[in-house]
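Chemist: Just dropping this structure here.
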2 protein chains.
Amino acid sequence: MDASLRQLAAYVAVARAAGFTAAAAHLRVSQSTLSRAVSDLERVLGVQLLERDTRNVQLTAAGQETLRVAEQIVDAHRSGMKQLRRYLLGESGVVAMATLPSVAAVLLPRMISAFRGRRPDVSVRIMDGLERAVLGRVLNGDADFAVTTVGTASDRLEHRPLIRDRFRAVLPENHPLADRDEVTWEDLAAEPFLAVGPESSVRRLTDAAFEQAGAVVTPAAEAGNVATVGGLVAAGLGVSAMPALVLPLLGPGHVVHRELTGPAVERRLDIVVPARRTLPPAAAAFLDLLDEARAEDREVPAGAAWITTDARTA
Amino acid sequence: MDASLRQLAAYVAVARAAGFTAAAAHLRVSQSTLSRAVSDLERVLGVQLLERDTRNVQLTAAGQETLRVAEQIVDAHRSGMKQLRRYLLGESGVVAMATLPSVAAVLLPRMISAFRGRRPDVSVRIMDGLERAVLGRVLNGDADFAVTTVGTASDRLEHRPLIRDRFRAVLPENHPLADRDEVTWEDLAAEPFLAVGPESSVRRLTDAAFEQAGAVVTPAAEAGNVATVGGLVAAGLGVSAMPALVLPLLGPGHVVHRELTGPAVERRLDIVVPARRTLPPAAAAFLDLLDEARAEDREVPAGAAWITTDARTA
DNA sequence: TTTATCCATGCGAAATGCGCAACAGTGGGT
DNA sequence: ACCCACTGTTGCGCATTTCGCATGGATAAA
């Protein structure tokens, strides 16, 4: 009752080439195959499509209409398969990643720029949020993968270390500690400390660092956003400590940062992928790029000015 | 390399039904067939499309994209075949007919109206012109068929009699001959005769009729359009003779018509189709309607008022 | 534990698809 | 007028594909 794709494609080729032999050469099949295919199509449809004149073929009225329809169908198949191939090669589609605001603003722009240079037809969707929300996005499938700090381990997630991000002391530029090249956690503990909110992964690590240093620190003030904390520091209300990666987010205010010595406190940014789920090809391609870009055990550079520049141009 | 239509359709069914067994019942095939088809599709594409959980199937990311594309292709096929079926049944398409102006204006409107009542999606194209041009339209393929007078026979055309159209005398309403019920060609020959142009098939027949009646008539005036001739008659410049079918075209002026006795002069309107060419299905359906409508040897009624009415409402 | 349900797979039968080779019709060249 | 080159068609055999049945393994429900 229905014409097969093979019959339709054969008919289109014959009608376009205005001949069985020419069409056969074009399709790289024998001419008899096409003869049969078209004949079968005519039998299935119950109409004569071509006037065979032994010298050249001519389309009947029904043949014209059939050609129109057959071209639609064959084109739909061809273009659909092409679409699909591109998708499966990771050349089209969407990469949905969940990540922390600092990663999104500082680390990703250059990555995305490079990625889109290679795969212009893949769109990248960034969902930024705090650690808990980020992991949730991956677990429920909203995001293909995440770049985030590693919280509690889950057997439904797989982690791959991406980069280490050391904490640095953040000081008002005219603060006495700013005269030194290095600052210790004990030094910070003696000053009014300005902390980020308890939801942030940064807070968990600063709390742990002070505890490890044997100091009990009650924040002089808290703010949800790191930029706000930066503003407080610039205003001279106290000091803080932040990973190198978030420093560019503090803006160009009157804030300086110094190396933090003593116990090396750092956060590890991981690539988090769902366990035993195959990634969409485009996402896999993005991860390949990430793997390329990371040197083993690499750390975020402390002098973050160049990162800031990149982040703004990207 | 390319997925077959069968594989794509199977996959769409399975994905929609969210299960092989349900899809198999829906498609009326065995479950193993679908299992294989989908498996083959996965092998061809090189991706896993479904997460089989033995209890229910779930689409992977690639499965989502593949479903989207597969639906496009399968729908294109389904709708294309549907289109084609409708066309081949004569339920869609175009009927292109060539015909004389009088036929187009008087005889066809009711036919077309009836036809479009049955086949609303078939559009009708009328190309009106004089006999020579009409036959040319059919010969060069512009028109599927013609309804016209029969001129010189051609072995490339096939004629089927449709209706006979007798000539009637056309007189000014206050003319002496208008007092009679019947008029002869000899009577007309004694009056100033108003003729249509030599291109018209009507002219050929009036000339022949006068010759057969043994009269030599030189037209007092000629006009290309029958309506113009009607105006001349109404103005009292002379008399004329026209087939019953064209009388409605004379308009509501001061013109009367009477039966023409003596040698029965009539023109035969034929359906003219190209020999040994198959008609487009929609055109064939129109001809079926024409065949239905004609009683054998039927003649155009002389009292043409009803035709006029129909022509105006259609 | 048992049972019912679901998908995968081995197997044989049937259908389909394919190319080779032979055949038939037609136009151009000699 | 004849022949040749080229066209599409058709008979035939082989390879592949497709299908359903029956079976097996796995899992959730009873």
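Identifiers in the structure tokens: chain A, B, ... in order shown; residue index from 1 per chain; ligand index from 1 in order shown.
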Show which residues sit within 12 Å of range 12-18 of chain D, as a PyMOL selection string. Count only C-alpha atoms (C1' of nucleotides), and ignore same-chain residues fewer than 2 positions away.
Modeler: (chain B and resi 4+6-7+29-30+32-34+36-37+40) or (chain C and resi 13-22) or (chain D and resi 10+20)
Chemist: Please determine the contact residues of chain C with respect to chain B at a cut-off of 10 Å, counting only C-alpha atoms (C1' of nucleotides), and supply them as a list of chain:residue names.
Modeler: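 Only these qualify: C:DT5, C:DC6, C:DC7, C:DA8, C:DT9.
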Chemist: Those residues you just picked out, can you put them in a file as a compact mmCIF listing (two decimals), in the first residue's frame with N, CA and C atoms (P, O5', C5', C4', C3', O3' and C1' of nucleotides)?
Modeler:
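Once everything was written out, this is selection-v6.txt:
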# COMPACT_ATOMS: atom_id res chain seq x y z
P DT C 5 0.41 -11.01 33.02
O5' DT C 5 1.64 -10.08 32.62
C5' DT C 5 2.12 -9.12 33.55
C4' DT C 5 3.46 -8.57 33.08
C3' DT C 5 3.54 -8.36 31.57
O3' DT C 5 3.91 -7.01 31.33
C1' DT C 5 5.45 -9.49 32.36
P DC C 6 3.81 -6.41 29.88
O5' DC C 6 5.34 -6.17 29.51
C5' DC C 6 6.18 -5.47 30.43
C4' DC C 6 7.63 -5.73 30.07
C3' DC C 6 7.90 -5.68 28.57
O3' DC C 6 8.71 -4.57 28.24
C1' DC C 6 8.93 -7.56 29.60
P DC C 7 8.91 -4.23 26.69
O5' DC C 7 10.35 -4.85 26.40
C5' DC C 7 11.47 -4.37 27.15
C4' DC C 7 12.66 -5.27 26.91
C3' DC C 7 13.15 -5.34 25.46
O3' DC C 7 14.55 -5.18 25.43
C1' DC C 7 12.76 -7.51 26.29
P DA C 8 15.35 -5.30 24.02
O5' DA C 8 15.97 -6.76 24.09
C5' DA C 8 16.90 -7.06 25.12
C4' DA C 8 17.58 -8.40 24.88
C3' DA C 8 18.22 -8.59 23.50
O3' DA C 8 19.43 -9.31 23.66
C1' DA C 8 16.54 -10.22 23.79
P DT C 9 20.41 -9.57 22.44
O5' DT C 9 20.00 -11.02 21.94
C5' DT C 9 20.06 -12.11 22.85
C4' DT C 9 19.65 -13.40 22.17
C3' DT C 9 20.15 -13.57 20.73
O3' DT C 9 20.62 -14.89 20.57
C1' DT C 9 17.85 -13.95 20.81
Chemist: CA of Leu279 in chain B and CA of Glu158 in chain B, how far apart in Å?
Modeler: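 Pair CA of Glu158 in chain B / CA of Leu279 in chain B returns 12.2 Å.
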Chemist: Could you list, as a PDB file with N, CA and C atoms, in the first residue's frame, every residue of chain A that has an atom within 7 Å of an atom of chain B, counting only C-alpha atoms?
Modeler:
ATOM      1  N   ASP A   2       1.937   1.227   0.802  1.00  0.00           N
ATOM      2  CA  ASP A   2       2.825   2.376   0.857  1.00  0.00           C
ATOM      3  C   ASP A   2       4.069   2.133   0.024  1.00  0.00           C
ATOM      4  N   LEU A   5      10.892   3.737   0.712  1.00  0.00           N
ATOM      5  CA  LEU A   5      11.844   4.809   0.503  1.00  0.00           C
ATOM      6  C   LEU A   5      12.741   4.512  -0.696  1.00  0.00           C
ATOM      7  N   ALA A  61       1.258  13.174 -16.017  1.00  0.00           N
ATOM      8  CA  ALA A  61       0.737  14.130 -15.043  1.00  0.00           C
ATOM      9  C   ALA A  61       0.879  13.555 -13.634  1.00  0.00           C
ATOM     10  N   ALA A  62       0.483  12.292 -13.479  1.00  0.00           N
ATOM     11  CA  ALA A  62       0.632  11.648 -12.175  1.00  0.00           C
ATOM     12  C   ALA A  62       2.101  11.575 -11.784  1.00  0.00           C
ATOM     13  N   THR A  66       3.757  12.818  -8.359  1.00  0.00           N
ATOM     14  CA  THR A  66       4.503  11.836  -7.580  1.00  0.00           C
ATOM     15  C   THR A  66       5.937  12.304  -7.350  1.00  0.00           C
ATOM     16  N   VAL A  69       5.974  14.850  -4.517  1.00  0.00           N
ATOM     17  CA  VAL A  69       5.818  14.217  -3.211  1.00  0.00           C
ATOM     18  C   VAL A  69       7.044  13.381  -2.856  1.00  0.00           C
ATOM     19  N   ILE A  73       9.596  13.550   0.463  1.00  0.00           N
ATOM     20  CA  ILE A  73       9.874  12.452   1.388  1.00  0.00           C
ATOM     21  C   ILE A  73      11.367  12.137   1.421  1.00  0.00           C
ATOM     22  N   ALA A  76      13.254  14.841   3.145  1.00  0.00           N
ATOM     23  CA  ALA A  76      13.045  14.786   4.596  1.00  0.00           C
ATOM     24  C   ALA A  76      13.950  13.723   5.206  1.00  0.00           C
ATOM     25  N   HIS A  77      14.056  12.599   4.528  1.00  0.00           N
ATOM     26  CA  HIS A  77      14.913  11.531   5.042  1.00  0.00           C
ATOM     27  C   HIS A  77      16.373  11.949   5.008  1.00  0.00           C
ATOM     28  N   GLY A  80      17.021  14.737   7.507  1.00  0.00           N
ATOM     29  CA  GLY A  80      16.881  14.218   8.866  1.00  0.00           C
ATOM     30  C   GLY A  80      18.091  13.395   9.277  1.00  0.00           C
ATOM     31  N   MET A  81      18.529  12.531   8.399  1.00  0.00           N
ATOM     32  CA  MET A  81      19.689  11.712   8.730  1.00  0.00           C
ATOM     33  C   MET A  81      20.932  12.569   8.883  1.00  0.00           C
ATOM     34  N   LEU A  84      20.812  14.190  12.194  1.00  0.00           N
ATOM     35  CA  LEU A  84      21.084  13.213  13.241  1.00  0.00           C
ATOM     36  C   LEU A  84      22.574  12.891  13.302  1.00  0.00           C
ATOM     37  N   PRO A 280      25.257  13.162  26.178  1.00  0.00           N
ATOM     38  CA  PRO A 280      24.972  13.617  24.817  1.00  0.00           C
ATOM     39  C   PRO A 280      26.287  13.923  24.126  1.00  0.00           C
TER      40      PRO A 280
END
Chemist: Kindly give the distance, in Å, that separates CA of Pro252 in chain A and CA of Ala227 in chain A, rounded to a single decimal.
Modeler: 10.6 Å
Chemist: For a quick test of understanding: name the residues of chain D lying within 12 Å of chain A when counting only C-alpha atoms (C1' of nucleotides), and present them as a list in words.
Modeler: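 Output check: DA5, DC6, DT7, DG8, DT9, DT10 and DG11 of chain D.
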Chemist: Just to be explicit: take each residue in the selection above, keep C-alpha atoms (C1' of nucleotides), and write the result as a CSV table (one decimal), in the first residue's frame.
Modeler:
chain,number,residue,atom,x,y,z
D,5,DA,C1',24.9,1.9,-30.5
D,6,DC,C1',22.0,2.8,-27.0
D,7,DT,C1',17.8,2.5,-24.5
D,8,DG,C1',14.7,0.1,-21.1
D,9,DT,C1',12.7,-4.7,-19.8
D,10,DT,C1',12.8,-9.3,-18.1
D,11,DG,C1',14.4,-14.2,-16.6
Chemist: Out of range 97-228 of chain B, which residues get helix (DSSP H, G or I) from DSSP, as a ChimeraX atom specification?
Modeler: /B:101-118,131-139,176-179,185-189,201-212,226-228
Chemist: Please, could you write that set of residues out with N, CA and C atoms as a short mmCIF file (atom, residue, chain, number, x, y, z; two decimals), in the first residue's frame?
Modeler:
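Done, and the output landed in part-v7.cif:
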data_model
loop_
_atom_site.label_atom_id
_atom_site.label_comp_id
_atom_site.auth_asym_id
_atom_site.auth_seq_id
_atom_site.Cartn_x
_atom_site.Cartn_y
_atom_site.Cartn_z
N PRO B 101 -15.87 30.38 -25.20
CA PRO B 101 -16.44 31.32 -24.23
C PRO B 101 -17.88 31.00 -23.89
N SER B 102 -18.69 30.61 -24.89
CA SER B 102 -20.10 30.35 -24.62
C SER B 102 -20.25 29.14 -23.70
N VAL B 103 -19.47 28.12 -23.95
CA VAL B 103 -19.53 26.94 -23.09
C VAL B 103 -19.09 27.31 -21.68
N ALA B 104 -18.02 28.07 -21.61
CA ALA B 104 -17.49 28.46 -20.30
C ALA B 104 -18.52 29.24 -19.50
N ALA B 105 -19.24 30.11 -20.19
CA ALA B 105 -20.13 31.01 -19.46
C ALA B 105 -21.49 30.38 -19.18
N VAL B 106 -21.92 29.48 -20.04
CA VAL B 106 -23.30 29.00 -19.94
C VAL B 106 -23.39 27.55 -19.47
N LEU B 107 -22.57 26.70 -20.10
CA LEU B 107 -22.73 25.28 -19.81
C LEU B 107 -21.92 24.86 -18.59
N LEU B 108 -20.74 25.43 -18.43
CA LEU B 108 -19.83 24.94 -17.40
C LEU B 108 -20.16 25.33 -15.96
N PRO B 109 -20.67 26.50 -15.73
CA PRO B 109 -20.79 26.93 -14.33
C PRO B 109 -21.53 25.92 -13.46
N ARG B 110 -22.65 25.37 -13.96
CA ARG B 110 -23.37 24.40 -13.15
C ARG B 110 -22.59 23.11 -12.98
N MET B 111 -21.85 22.75 -14.03
CA MET B 111 -21.03 21.54 -13.95
C MET B 111 -19.94 21.70 -12.89
N ILE B 112 -19.29 22.84 -12.96
CA ILE B 112 -18.20 23.10 -12.03
C ILE B 112 -18.72 23.16 -10.60
N SER B 113 -19.87 23.79 -10.48
CA SER B 113 -20.46 23.89 -9.16
C SER B 113 -20.74 22.50 -8.58
N ALA B 114 -21.32 21.64 -9.43
CA ALA B 114 -21.61 20.28 -8.97
C ALA B 114 -20.31 19.53 -8.67
N PHE B 115 -19.33 19.72 -9.51
CA PHE B 115 -18.05 19.02 -9.34
C PHE B 115 -17.37 19.43 -8.04
N ARG B 116 -17.38 20.73 -7.79
CA ARG B 116 -16.70 21.19 -6.58
C ARG B 116 -17.48 20.82 -5.32
N GLY B 117 -18.76 20.57 -5.50
CA GLY B 117 -19.52 20.05 -4.37
C GLY B 117 -19.01 18.67 -3.97
N ARG B 118 -18.65 17.89 -4.97
CA ARG B 118 -18.15 16.54 -4.68
C ARG B 118 -16.68 16.52 -4.30
N GLU B 131 -11.97 28.17 -31.25
CA GLU B 131 -11.74 26.75 -31.50
C GLU B 131 -10.29 26.36 -31.73
N ARG B 132 -9.62 27.12 -32.58
CA ARG B 132 -8.24 26.79 -32.94
C ARG B 132 -7.34 26.80 -31.69
N ALA B 133 -7.45 27.85 -30.92
CA ALA B 133 -6.62 27.99 -29.73
C ALA B 133 -6.95 26.90 -28.71
N VAL B 134 -8.23 26.57 -28.61
CA VAL B 134 -8.67 25.56 -27.65
C VAL B 134 -8.00 24.22 -27.95
N LEU B 135 -8.04 23.82 -29.20
CA LEU B 135 -7.43 22.54 -29.57
C LEU B 135 -5.92 22.57 -29.36
N GLY B 136 -5.33 23.75 -29.62
CA GLY B 136 -3.90 23.89 -29.39
C GLY B 136 -3.54 23.67 -27.93
N ARG B 137 -4.37 24.18 -27.05
CA ARG B 137 -4.14 23.98 -25.61
C ARG B 137 -4.07 22.50 -25.24
N VAL B 138 -4.96 21.75 -25.84
CA VAL B 138 -4.98 20.31 -25.53
C VAL B 138 -3.76 19.63 -26.12
N LEU B 139 -3.43 20.01 -27.34
CA LEU B 139 -2.31 19.34 -28.01
C LEU B 139 -0.99 19.61 -27.30
N PRO B 176 -40.58 42.13 -38.40
CA PRO B 176 -41.74 41.39 -38.94
C PRO B 176 -41.62 39.87 -38.75
N LEU B 177 -40.42 39.32 -38.92
CA LEU B 177 -40.26 37.86 -38.78
C LEU B 177 -40.53 37.40 -37.34
N ALA B 178 -40.43 38.31 -36.41
CA ALA B 178 -40.64 37.95 -35.00
C ALA B 178 -42.07 37.56 -34.72
N ASP B 179 -42.96 37.85 -35.66
CA ASP B 179 -44.35 37.47 -35.45
C ASP B 179 -44.56 35.98 -35.68
N TRP B 185 -33.94 29.52 -43.12
CA TRP B 185 -32.69 30.16 -43.52
C TRP B 185 -32.93 31.08 -44.73
N GLU B 186 -33.89 30.69 -45.58
CA GLU B 186 -34.21 31.55 -46.73
C GLU B 186 -34.76 32.89 -46.25
N ASP B 187 -35.61 32.84 -45.25
CA ASP B 187 -36.13 34.09 -44.69
C ASP B 187 -34.99 35.00 -44.24
N LEU B 188 -34.02 34.37 -43.52
CA LEU B 188 -32.89 35.17 -43.00
C LEU B 188 -32.06 35.74 -44.14
N ALA B 189 -31.93 34.93 -45.21
CA ALA B 189 -31.07 35.36 -46.31
C ALA B 189 -31.61 36.62 -46.98
N SER B 201 -16.27 29.50 -34.69
CA SER B 201 -16.85 28.28 -35.24
C SER B 201 -18.29 28.52 -35.68
N VAL B 202 -18.94 29.50 -35.06
CA VAL B 202 -20.32 29.82 -35.44
C VAL B 202 -20.37 30.31 -36.89
N ARG B 203 -19.40 31.12 -37.26
CA ARG B 203 -19.40 31.69 -38.61
C ARG B 203 -19.30 30.60 -39.67
N ARG B 204 -18.44 29.63 -39.38
CA ARG B 204 -18.26 28.56 -40.35
C ARG B 204 -19.59 27.85 -40.63
N LEU B 205 -20.35 27.69 -39.57
CA LEU B 205 -21.60 26.94 -39.71
C LEU B 205 -22.70 27.77 -40.36
N THR B 206 -22.77 29.05 -40.07
CA THR B 206 -23.78 29.89 -40.75
C THR B 206 -23.47 29.99 -42.23
N ASP B 207 -22.20 30.16 -42.56
CA ASP B 207 -21.84 30.18 -43.98
C ASP B 207 -22.29 28.90 -44.68
N ALA B 208 -21.99 27.77 -44.03
CA ALA B 208 -22.36 26.49 -44.62
C ALA B 208 -23.88 26.35 -44.76
N ALA B 209 -24.60 26.85 -43.78
CA ALA B 209 -26.06 26.72 -43.81
C ALA B 209 -26.66 27.53 -44.97
N PHE B 210 -26.16 28.75 -45.16
CA PHE B 210 -26.67 29.56 -46.27
C PHE B 210 -26.34 28.90 -47.60
N GLU B 211 -25.15 28.35 -47.68
CA GLU B 211 -24.76 27.72 -48.94
C GLU B 211 -25.67 26.53 -49.23
N GLN B 212 -25.96 25.77 -48.16
CA GLN B 212 -26.82 24.60 -48.32
C GLN B 212 -28.23 25.03 -48.72
N VAL B 226 -19.92 37.71 -29.95
CA VAL B 226 -21.35 37.45 -30.18
C VAL B 226 -22.22 38.49 -29.46
N ALA B 227 -21.75 38.97 -28.31
CA ALA B 227 -22.53 39.97 -27.59
C ALA B 227 -22.65 41.25 -28.43
N THR B 228 -21.58 41.57 -29.13
CA THR B 228 -21.62 42.74 -30.00
C THR B 228 -22.65 42.55 -31.12
#
Chemist: Rounded to one decimal, what separation in Å do you get between CA of Glu299 in chain B and CA of Val95 in chain B?
Modeler: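 Interatomic distance, CA of Glu299 in chain B to CA of Val95 in chain B: 25.1 Å.
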Chemist: Looking only at the backbone, which of the residues in range 136-207 of chain A does DSSP tag as strand (DSSP E), as a list in words?
Modeler: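 Assigned to strand (DSSP E), within range 136-207 of chain A: Phe145, Ala146, Val147, Thr148, Thr149, Leu157, Glu158, His159, Arg160, Pro161, Leu162, Ile163, Arg164, Asp165, Arg166, Phe167, Arg168, Ala169, Val170, Leu171, Pro172, Glu182, Val183, Thr184, Leu194, Ala195 and Val196 of chain A.
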Chemist: Write the residues of the preceding selection, restricted to N, CA and C atoms, as a short mmCIF file (atom, residue, chain, number, x, y, z; two decimals), in the first residue's frame.
Modeler:
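Saved as out_23.cif:
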data_model
loop_
_atom_site.label_atom_id
_atom_site.label_comp_id
_atom_site.auth_asym_id
_atom_site.auth_seq_id
_atom_site.Cartn_x
_atom_site.Cartn_y
_atom_site.Cartn_z
N PHE A 145 26.27 17.82 32.75
CA PHE A 145 27.36 17.61 33.70
C PHE A 145 27.54 18.90 34.49
N ALA A 146 28.46 18.88 35.46
CA ALA A 146 28.68 20.07 36.27
C ALA A 146 30.17 20.31 36.42
N VAL A 147 30.52 21.55 36.66
CA VAL A 147 31.87 21.89 37.11
C VAL A 147 31.66 22.60 38.44
N THR A 148 32.10 21.94 39.52
CA THR A 148 31.77 22.49 40.83
C THR A 148 32.71 21.93 41.88
N THR A 149 32.59 22.43 43.08
CA THR A 149 33.33 21.86 44.19
C THR A 149 32.71 20.52 44.56
N LEU A 157 26.93 9.77 41.01
CA LEU A 157 27.73 10.77 40.31
C LEU A 157 29.17 10.32 40.23
N GLU A 158 29.82 10.76 39.17
CA GLU A 158 31.23 10.41 39.00
C GLU A 158 32.02 11.71 38.92
N HIS A 159 33.14 11.74 39.67
CA HIS A 159 33.91 12.98 39.75
C HIS A 159 35.24 12.84 39.02
N ARG A 160 35.63 13.91 38.32
CA ARG A 160 36.97 13.94 37.74
C ARG A 160 37.60 15.27 38.13
N PRO A 161 38.77 15.23 38.80
CA PRO A 161 39.40 16.48 39.23
C PRO A 161 39.71 17.35 38.02
N LEU A 162 39.42 18.63 38.15
CA LEU A 162 39.69 19.54 37.04
C LEU A 162 40.83 20.48 37.38
N ILE A 163 40.74 21.12 38.53
CA ILE A 163 41.73 22.16 38.84
C ILE A 163 41.68 22.43 40.34
N ARG A 164 42.82 22.85 40.91
CA ARG A 164 42.85 23.21 42.33
C ARG A 164 42.82 24.73 42.45
N ASP A 165 42.15 25.19 43.46
CA ASP A 165 41.91 26.63 43.59
C ASP A 165 42.25 27.05 45.03
N ARG A 166 43.45 27.64 45.22
CA ARG A 166 43.93 27.98 46.58
C ARG A 166 43.29 29.25 47.10
N PHE A 167 43.12 29.26 48.39
CA PHE A 167 42.57 30.46 49.03
C PHE A 167 43.66 31.51 49.19
N ARG A 168 43.28 32.73 49.04
CA ARG A 168 44.18 33.86 49.27
C ARG A 168 43.51 34.84 50.24
N ALA A 169 44.36 35.58 50.93
CA ALA A 169 43.83 36.58 51.88
C ALA A 169 43.36 37.79 51.10
N VAL A 170 42.21 38.31 51.48
CA VAL A 170 41.64 39.49 50.82
C VAL A 170 41.63 40.63 51.83
N LEU A 171 42.31 41.73 51.48
CA LEU A 171 42.53 42.81 52.44
C LEU A 171 42.21 44.17 51.82
N PRO A 172 41.82 45.13 52.67
CA PRO A 172 41.74 46.51 52.18
C PRO A 172 43.14 46.96 51.78
N GLU A 182 53.13 37.54 52.47
CA GLU A 182 52.38 36.35 52.86
C GLU A 182 51.61 36.63 54.13
N VAL A 183 50.47 35.99 54.25
CA VAL A 183 49.62 36.14 55.42
C VAL A 183 49.24 34.73 55.88
N THR A 184 49.05 34.56 57.19
CA THR A 184 48.63 33.23 57.68
C THR A 184 47.17 33.30 58.12
N LEU A 194 35.13 38.87 57.38
CA LEU A 194 33.91 39.05 56.59
C LEU A 194 33.69 37.77 55.78
N ALA A 195 32.57 37.11 56.00
CA ALA A 195 32.34 35.78 55.43
C ALA A 195 31.20 35.79 54.42
N VAL A 196 31.23 34.82 53.54
CA VAL A 196 30.08 34.61 52.65
C VAL A 196 29.05 33.76 53.38
#
